[in-house]
Structure formats: C-alpha cells, structure tokens
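Chemist: What follows is the file protein-v9.txt, containing compact mmCIF, C-alpha atoms:
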```
# COMPACT_ATOMS: atom_id res chain seq x y z
CA MET A 1 0.00 0.00 0.00
CA ALA A 2 0.99 3.65 -0.35
CA TYR A 3 2.25 5.38 2.78
CA GLU A 4 2.49 9.10 3.51
CA PHE A 5 4.81 9.18 6.51
CA ILE A 6 7.02 6.13 6.01
CA LYS A 7 8.67 4.38 3.09
CA VAL A 8 8.85 0.61 2.68
CA ASP A 9 11.36 -1.09 0.40
CA ARG A 10 11.93 -4.80 -0.11
CA ALA A 11 15.12 -6.31 -1.49
CA GLY A 12 15.04 -10.10 -1.47
CA PRO A 13 14.14 -11.24 2.06
CA VAL A 14 14.95 -7.88 3.67
CA THR A 15 12.34 -5.17 4.35
CA THR A 16 13.59 -1.63 5.01
CA ILE A 17 11.18 0.80 6.68
CA THR A 18 12.19 4.47 6.62
CA LEU A 19 10.57 6.97 8.96
CA ASN A 20 9.83 9.71 6.44
CA ARG A 21 9.07 13.04 8.13
CA PRO A 22 12.50 14.70 7.78
CA ASP A 23 11.03 18.20 8.08
CA VAL A 24 10.23 17.42 11.75
CA MET A 25 13.26 15.16 12.34
CA ASN A 26 11.07 12.09 11.75
CA ALA A 27 9.04 12.79 14.87
CA MET A 28 6.07 10.47 15.28
CA HIS A 29 2.43 11.49 15.34
CA SER A 30 -0.73 9.40 15.36
CA PRO A 31 -0.97 8.78 11.57
CA ALA A 32 2.68 7.70 11.48
CA HIS A 33 2.13 5.25 14.35
CA PHE A 34 -0.65 3.52 12.45
CA GLU A 35 1.33 3.40 9.21
CA MET A 36 4.21 1.75 11.05
CA ASP A 37 1.78 -0.73 12.58
CA GLU A 38 0.48 -1.68 9.13
CA ALA A 39 3.97 -2.00 7.66
CA LEU A 40 5.22 -4.18 10.51
CA ASN A 41 2.08 -6.32 10.36
CA ALA A 42 2.76 -6.90 6.67
CA PHE A 43 6.42 -7.71 7.37
CA ALA A 44 5.48 -10.18 10.09
CA ALA A 45 2.90 -11.92 7.88
CA ASP A 46 5.03 -12.19 4.71
CA PRO A 47 6.82 -15.56 4.58
CA GLU A 48 9.28 -14.19 2.02
CA GLN A 49 10.52 -11.44 4.36
CA TRP A 50 13.03 -12.61 6.96
CA VAL A 51 14.82 -9.52 8.35
CA GLY A 52 13.72 -5.90 8.86
CA ILE A 53 15.70 -2.66 8.96
CA ILE A 54 14.28 0.56 10.44
CA THR A 55 15.97 3.88 9.71
CA GLY A 56 15.14 7.58 9.33
CA ALA A 57 14.97 9.83 6.28
CA GLY A 58 17.66 12.49 5.89
CA ASP A 59 20.93 12.83 7.76
CA ARG A 60 19.77 14.72 10.86
CA ALA A 61 17.58 12.27 12.71
CA PHE A 62 16.54 8.68 13.14
CA SER A 63 13.56 10.03 15.06
CA ALA A 64 13.11 12.91 17.50
CA GLY A 65 10.38 10.86 19.17
CA ASN A 66 6.90 12.12 19.95
CA ASP A 67 5.80 15.08 17.80
CA LEU A 68 5.22 17.53 20.65
CA LYS A 69 4.21 20.39 18.36
CA TYR A 70 1.52 18.20 16.80
CA GLN A 71 0.36 17.24 20.28
CA ALA A 72 0.40 20.85 21.55
CA SER A 73 -1.64 22.00 18.55
CA GLY A 74 -4.43 19.64 19.54
CA GLY A 75 -3.56 16.76 17.25
CA GLN A 76 -5.11 13.48 18.30
CA MET A 77 -2.46 11.34 20.00
CA ARG A 78 -3.52 7.75 19.45
CA SER A 79 -1.38 4.69 18.88
CA PRO A 80 -2.20 1.11 17.86
CA PRO A 81 -2.14 -1.82 20.31
CA SER A 82 1.41 -2.50 19.10
CA GLY A 83 2.50 0.73 20.76
CA PHE A 84 4.59 3.75 19.79
CA ALA A 85 5.56 3.49 16.11
CA GLY A 86 3.75 0.16 15.97
CA ILE A 87 6.71 -1.52 17.64
CA THR A 88 7.24 -0.73 21.33
CA ALA A 89 4.43 -3.03 22.53
CA ARG A 90 4.85 -5.60 19.74
CA PHE A 91 5.95 -8.69 21.66
CA ASP A 92 5.10 -11.45 19.18
CA LEU A 93 7.48 -10.56 16.33
CA THR A 94 10.15 -13.25 16.12
CA LYS A 95 11.73 -11.98 12.90
CA PRO A 96 14.84 -9.90 13.67
CA LEU A 97 14.85 -6.11 13.36
CA ILE A 98 17.90 -3.89 12.89
CA ALA A 99 17.79 -0.19 13.81
CA ALA A 100 20.06 1.83 11.51
CA VAL A 101 20.32 5.01 13.57
CA ASN A 102 21.41 7.84 11.29
CA GLY A 103 21.25 10.80 13.68
CA VAL A 104 19.21 11.96 16.65
CA ALA A 105 17.31 9.19 18.47
CA MET A 106 15.52 11.03 21.24
CA GLY A 107 12.71 9.89 23.51
CA GLY A 108 10.37 7.77 21.47
CA GLY A 109 13.00 7.59 18.75
CA PHE A 110 15.38 5.91 21.18
CA GLU A 111 12.52 3.66 22.30
CA ILE A 112 11.99 2.55 18.68
CA ALA A 113 15.68 1.65 18.42
CA LEU A 114 15.63 -0.19 21.76
CA ALA A 115 12.63 -2.24 20.55
CA CYS A 116 14.80 -3.53 17.69
CA ASP A 117 17.18 -6.44 18.20
CA ILE A 118 20.37 -4.84 16.89
CA ILE A 119 21.34 -1.16 16.83
CA VAL A 120 23.85 0.00 14.24
CA ALA A 121 24.63 3.68 14.68
CA SER A 122 26.22 6.38 12.59
CA GLU A 123 29.05 8.28 14.26
CA THR A 124 26.65 11.25 14.28
CA ALA A 125 23.95 9.41 16.23
CA VAL A 126 22.85 10.78 19.60
CA PHE A 127 20.67 8.90 22.09
CA SER A 128 18.62 10.25 24.98
CA LEU A 129 15.45 9.84 27.01
CA PRO A 130 14.75 13.56 27.59
CA GLU A 131 11.06 13.29 28.47
CA PRO A 132 11.49 14.71 32.03
CA ARG A 133 12.66 17.99 30.47
CA VAL A 134 9.09 18.52 29.22
CA GLY A 135 7.27 16.94 32.15
CA LEU A 136 6.85 13.52 30.57
CA ALA A 137 8.36 10.05 31.07
CA ALA A 138 9.68 7.43 28.64
CA LEU A 139 6.77 5.07 29.17
CA ALA A 140 6.86 3.49 25.69
CA GLY A 141 9.46 0.98 26.80
CA GLY A 142 12.55 3.11 27.35
CA LEU A 143 12.37 2.91 31.14
CA HIS A 144 12.21 -0.88 30.95
CA ARG A 145 14.31 -1.84 27.93
CA LEU A 146 17.31 0.36 28.70
CA PRO A 147 17.95 -1.16 32.19
CA ARG A 148 17.61 -4.62 30.69
CA ALA A 149 20.13 -3.72 28.00
CA ILE A 150 22.84 -2.01 30.05
CA GLY A 151 22.03 -2.61 33.72
CA VAL A 152 20.03 -0.59 36.21
CA LYS A 153 22.71 1.77 37.51
CA ARG A 154 24.04 2.81 34.11
CA ALA A 155 20.49 3.19 32.81
CA MET A 156 19.57 5.35 35.80
CA GLY A 157 22.54 7.56 35.01
CA MET A 158 21.00 8.29 31.61
CA ILE A 159 17.35 8.34 32.63
CA LEU A 160 17.55 10.53 35.74
CA THR A 161 19.79 13.14 34.09
CA ALA A 162 18.14 13.05 30.64
CA ARG A 163 21.64 13.39 29.23
CA ARG A 164 22.67 12.78 25.63
CA VAL A 165 24.87 9.82 24.76
CA SER A 166 27.00 9.56 21.63
CA ALA A 167 27.12 6.48 19.40
CA ALA A 168 30.60 5.67 20.72
CA GLU A 169 29.42 5.81 24.34
CA GLY A 170 26.34 3.80 23.40
CA LYS A 171 28.62 1.04 22.16
CA GLU A 172 30.69 1.26 25.33
CA LEU A 173 27.54 1.04 27.46
CA GLY A 174 26.36 -1.92 25.41
CA PHE A 175 23.14 -0.91 23.66
CA VAL A 176 24.84 -0.10 20.33
CA TYR A 177 26.17 -3.11 18.42
CA GLU A 178 28.34 -1.26 15.92
CA VAL A 179 29.31 2.32 14.98
CA THR A 180 29.88 3.30 11.35
CA ALA A 181 30.75 6.35 9.29
CA PRO A 182 27.52 8.09 8.20
CA GLN A 183 27.96 7.13 4.56
CA ASP A 184 28.42 3.46 5.49
CA LEU A 185 25.43 3.06 7.80
CA ILE A 186 22.81 1.61 5.45
CA ARG A 187 25.37 -0.53 3.64
CA ARG A 188 26.54 -2.00 6.93
CA ALA A 189 22.97 -2.59 8.14
CA ASN A 190 22.26 -4.45 4.91
CA GLU A 191 25.44 -6.49 5.31
CA ILE A 192 24.34 -7.56 8.78
CA ALA A 193 20.87 -8.38 7.44
CA ALA A 194 22.41 -10.42 4.62
CA GLY A 195 24.53 -12.33 7.13
CA ILE A 196 21.41 -13.16 9.14
CA CYS A 197 19.65 -14.32 5.97
CA GLU A 198 22.42 -16.87 5.37
CA LEU A 199 21.33 -18.60 8.57
CA GLY A 200 18.26 -20.70 9.13
CA PRO A 201 15.33 -18.27 9.48
CA MET A 202 13.42 -20.66 11.72
CA SER A 203 16.53 -20.99 13.89
CA ILE A 204 16.89 -17.20 14.10
CA ARG A 205 13.26 -16.77 15.14
CA ALA A 206 13.50 -19.53 17.73
CA SER A 207 16.72 -18.01 19.08
CA LYS A 208 15.23 -14.52 19.38
CA GLU A 209 12.12 -15.82 21.09
CA ALA A 210 14.07 -18.03 23.50
CA VAL A 211 16.29 -15.11 24.54
CA LEU A 212 13.48 -12.62 25.10
CA LYS A 213 11.02 -15.00 26.76
CA GLY A 214 13.79 -16.63 28.75
CA LEU A 215 14.73 -13.28 30.29
CA ASP A 216 11.20 -13.08 31.70
CA GLU A 217 11.44 -16.49 33.38
CA PRO A 218 12.14 -16.47 37.13
CA SER A 219 15.33 -18.53 36.81
CA LEU A 220 17.76 -20.07 34.35
CA GLU A 221 16.32 -23.47 35.21
CA ALA A 222 12.80 -22.29 34.35
CA ALA A 223 14.02 -20.81 31.08
CA LEU A 224 15.68 -24.08 30.06
CA LYS A 225 12.64 -26.14 31.03
CA GLY A 226 10.16 -23.81 29.38
CA GLN A 227 11.85 -23.00 26.09
CA ASN A 228 10.48 -25.93 24.10
CA LYS A 229 6.97 -24.59 24.69
CA TYR A 230 7.72 -21.25 23.03
CA PRO A 231 5.89 -21.06 19.66
CA ALA A 232 8.91 -20.28 17.47
CA VAL A 233 10.99 -22.98 19.17
CA ALA A 234 8.21 -25.54 18.69
CA ALA A 235 7.87 -24.46 15.05
CA LEU A 236 11.60 -24.96 14.50
CA TYR A 237 11.42 -28.63 15.50
CA THR A 238 8.65 -29.38 12.99
CA SER A 239 10.01 -27.26 10.13
CA GLU A 240 11.50 -28.25 6.78
CA ASP A 241 14.56 -26.17 7.69
CA PHE A 242 15.20 -28.35 10.76
CA LYS A 243 15.77 -31.26 8.37
CA GLU A 244 17.50 -29.24 5.66
CA GLY A 245 20.29 -27.86 7.83
CA PRO A 246 21.83 -31.18 8.93
CA LEU A 247 21.20 -32.69 5.46
CA ALA A 248 23.05 -29.84 3.74
CA PHE A 249 25.91 -30.20 6.22
CA ALA A 250 26.16 -33.94 5.58
CA GLN A 251 26.10 -33.37 1.81
CA LYS A 252 28.70 -30.59 2.07
CA ARG A 253 26.55 -27.97 0.35
CA ALA A 254 24.93 -24.69 1.23
CA PRO A 255 21.50 -25.12 2.77
CA SER A 256 18.39 -24.07 0.86
CA TRP A 257 16.31 -22.44 3.57
CA LYS A 258 12.53 -22.26 3.20
CA GLY A 259 11.61 -20.37 6.35
CA ARG A 260 9.03 -22.99 7.16
```
How does the structure come out when it is put into structure tokens?
Modeler:
Amino acid sequence: MAYEFIKVDRAGPVTTITLNRPDVMNAMHSPAHFEMDEALNAFAADPEQWVGIITGAGDRAFSAGNDLKYQASGGQMRSPPSGFAGITARFDLTKPLIAAVNGVAMGGGFEIALACDIIVASETAVFSLPEPRVGLAALAGGLHRLPRAIGVKRAMGMILTARRVSAAEGKELGFVYEVTAPQDLIRRANEIAAGICELGPMSIRASKEAVLKGLDEPSLEAALKGQNKYPAVAALYTSEDFKEGPLAFAQKRAPSWKGR
C-alpha cells in the first residue's frame, strides 16, 4: 500500500522501513504510528521477508520521538495496540529487526531503536530519554528496555539526568552493536541483514524468542525447562529447515532455507 509518513522497500528477504518526516526530524504522530503498525504487520505476515531494517529519512535524525508540536496543537495522540511506532508493545514478532540510527534518536525515537534487536549507529547518532525535560516520562518501553540492556545503575545515570549519549558511548555502554561512518550506515545494516539471511530463518526466530522470553522467566532453570513450549521454538522442530540444515551439512553444500 501507499504510505504518507514512512517508506517501505523490499530487497530479497529484507524489508527496510524508513521513517519519512524529515522536516520534523522524523518525529512520530498518530498517523505515522498507524502506518508503522500496518507496515510491521505486513512484514510479520510475509513468509518471504526474513529480516527488517528501520531507519530515518535524511541525515539529521533517526527520530526525534513524539511530535510535541503536533500534540500541543491539539492533534489526536492515538497509537495502535502494538504501541509507539507500531513496535514498542509488539511482543510477538520473532523476525529480527535492525535499527540503523542515522542521527538523533531522542525519547520515542530511542525507544523505537531499543525495541529492535540490533542497533547500528552512525558516528553522528545521539541517544537520549529527555522526556522529564518537558514533564513527561519514557513510558513506551525506554524505562524498561534500557535497564535490561545495560544494567540498572548505568540506565539510571541516563534516565535521571536526561543526558545525551554519543554512538561511541552507546557502544561502550552496550546498547549499540556497531558504529559506522555516516555514509556506510545503510550498507553496513544491509550487510548484517544479509549475514542473518544466510542462517536458518526458523533458527533465528527460535533463538530470538528463546532469549526474550527466557529473560522473563524467574530462573535459568525455568528458562531451560520452558523454552520448548515457546511457539517459534516448537515451530523450529517441525520445520523443513530443521531437516535441511543437517542434510546440507552432511552433503557438504549450502542449505536451501525455506523459512518454514
């Protein structure tokens, strides 16, 4: 379908979604939330799409977060059940998502990136949860995902001061996977996506689900005992790919993954 506030491109098994409001630093308003929800629903449902990349239009911002001017002018602030940008409350997506952060990732923009599985950041990227500066709080996942990613004390140091963190510091803290030159960002994100696509897609989905659900279990023992009941893990065991991987290894050839 045609979108007004995002762009969606597909190249082989990789879907790239670009937040496309560069005039407002890709800030998110209600219509953009619902477009993202539709695009991510389509990505999740398409068996030919295995990896997603989310980035921002232009070279200034990934996303400045919530469009406060739109909100202050009386614009209706609604979001889908999947949360801010259709992603922050989306807990059933087992396909991997890469955030290619090309500039400012503030507030909700940072929360979008944190909701992805891998963050690749341009050297110009800046991260912050500045909501307290305007009397708000990062309640679209930032207050919960950041401590899980880097530990409570380091997260509190960012959250309670609302300070800005560079891409280099983000990597040092642990929430950024890799830092690139600005001109190399999208190429590198696509390289990582291509590397993931060389692996068994059912295995990748089972691995992502086991990690995220396992972190919510009360103990390591419970995570180990419960993992075979997770939907993506159960689907792996009954998939064509589960047979194809060992067969390809035995025959000394590259596997032909089906994603089913």
Chemist: Rounded to one decimal place, report the atom CA of Ala115 of chain A-atom CA of Ala137 of chain A distance in Å.
Modeler: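 Interatomic distance here is 16.7 Å.
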Chemist: Can you work out which one of A:Ser207, A:Ile186, A:Arg253, A:Glu48 has the shortest atom-to-atom distance to Ile17 of chain A, counting all atoms listed in the file?
Modeler: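 Once distances to Ile17 of chain A are computed over all atoms listed in the file, the minimum belongs to A:Ile186.
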Chemist: Per residue of segment 72-133 of chain A within 6 Å of segment 147-167 of chain A, record the nearest atom pair and its distance in Å to one decimal, counting only C-alpha atoms, with rows in chain order and ascending residue number, as a Markdown table.
Modeler:
```
| residue | atom | partner | partner_atom | distance |
| --- | --- | --- | --- | --- |
| A:Glu123 | CA | A:Ala167 | CA | 5.8 |
| A:Ala125 | CA | A:Ala167 | CA | 5.4 |
| A:Val126 | CA | A:Ser166 | CA | 4.8 |
| A:Phe127 | CA | A:Val165 | CA | 5.1 |
| A:Ser128 | CA | A:Arg164 | CA | 4.8 |
| A:Leu129 | CA | A:Ala162 | CA | 5.5 |
| A:Pro130 | CA | A:Ala162 | CA | 4.6 |
```
Chemist: Between A:Ala39, A:Leu139, A:Met25, A:Ala85, which one has atoms that come closest to Asp9 of chain A, using all atoms listed in the file?
Modeler: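 Going through A:Ala39, A:Leu139, A:Met25, A:Ala85 one by one, the smallest distance to Asp9 of chain A is for A:Ala39.
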Chemist: In Å, rounded to a single decimal, give me how far atom CA of Ile112 of chain A is from atom CA of Pro81 of chain A.
Modeler: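 If I compute the distance from atom CA of Pro81 of chain A to atom CA of Ile112 of chain A, I get 14.9 Å.
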Chemist: Return as lines of an AutoDock Vina configuration file the centre and edge lengths, in Å with one decimal, of the box along x, y and z that encloses every atom of segment 240-258 of chain A in the file, padded by 4 Å per side.
Modeler:
```
center_x = 20.1
center_y = -28.1
center_z = 5.6
size_x = 25.2
size_y = 19.7
size_z = 18.4
```
Chemist: Taking (-0.2, 13.0, 20.5) in the coordinates of the supplied file, I want to know which residues reach to within 7 Å of it, counting all atoms listed in the file; could you give the answer as a PyMOL selection string?
Modeler: chain A and resi 29-30+67+70-71+75-78
Chemist: May I have the residues within 8 Å of Glu178 of chain A as an MDAnalysis selection string, using only C-alpha atoms and disregarding those fewer than 3 positions away in the same chain?
Modeler: chainID A and resid 119:121 171
Chemist: Extract, using only C-alpha atoms, all DNA, RNA and protein residues at most 12 Å from Phe62 of chain A, discarding same-chain residues fewer than 2 positions from it, and format them as JSON, numbers by chain.
Modeler: {"A": [17, 18, 19, 20, 21, 22, 24, 25, 26, 27, 28, 54, 55, 56, 57, 58, 59, 60, 64, 65, 99, 100, 101, 102, 103, 104, 105, 106, 107, 108, 109, 110, 111, 112, 113, 119, 120, 121, 122, 124, 125, 126, 127, 185]}
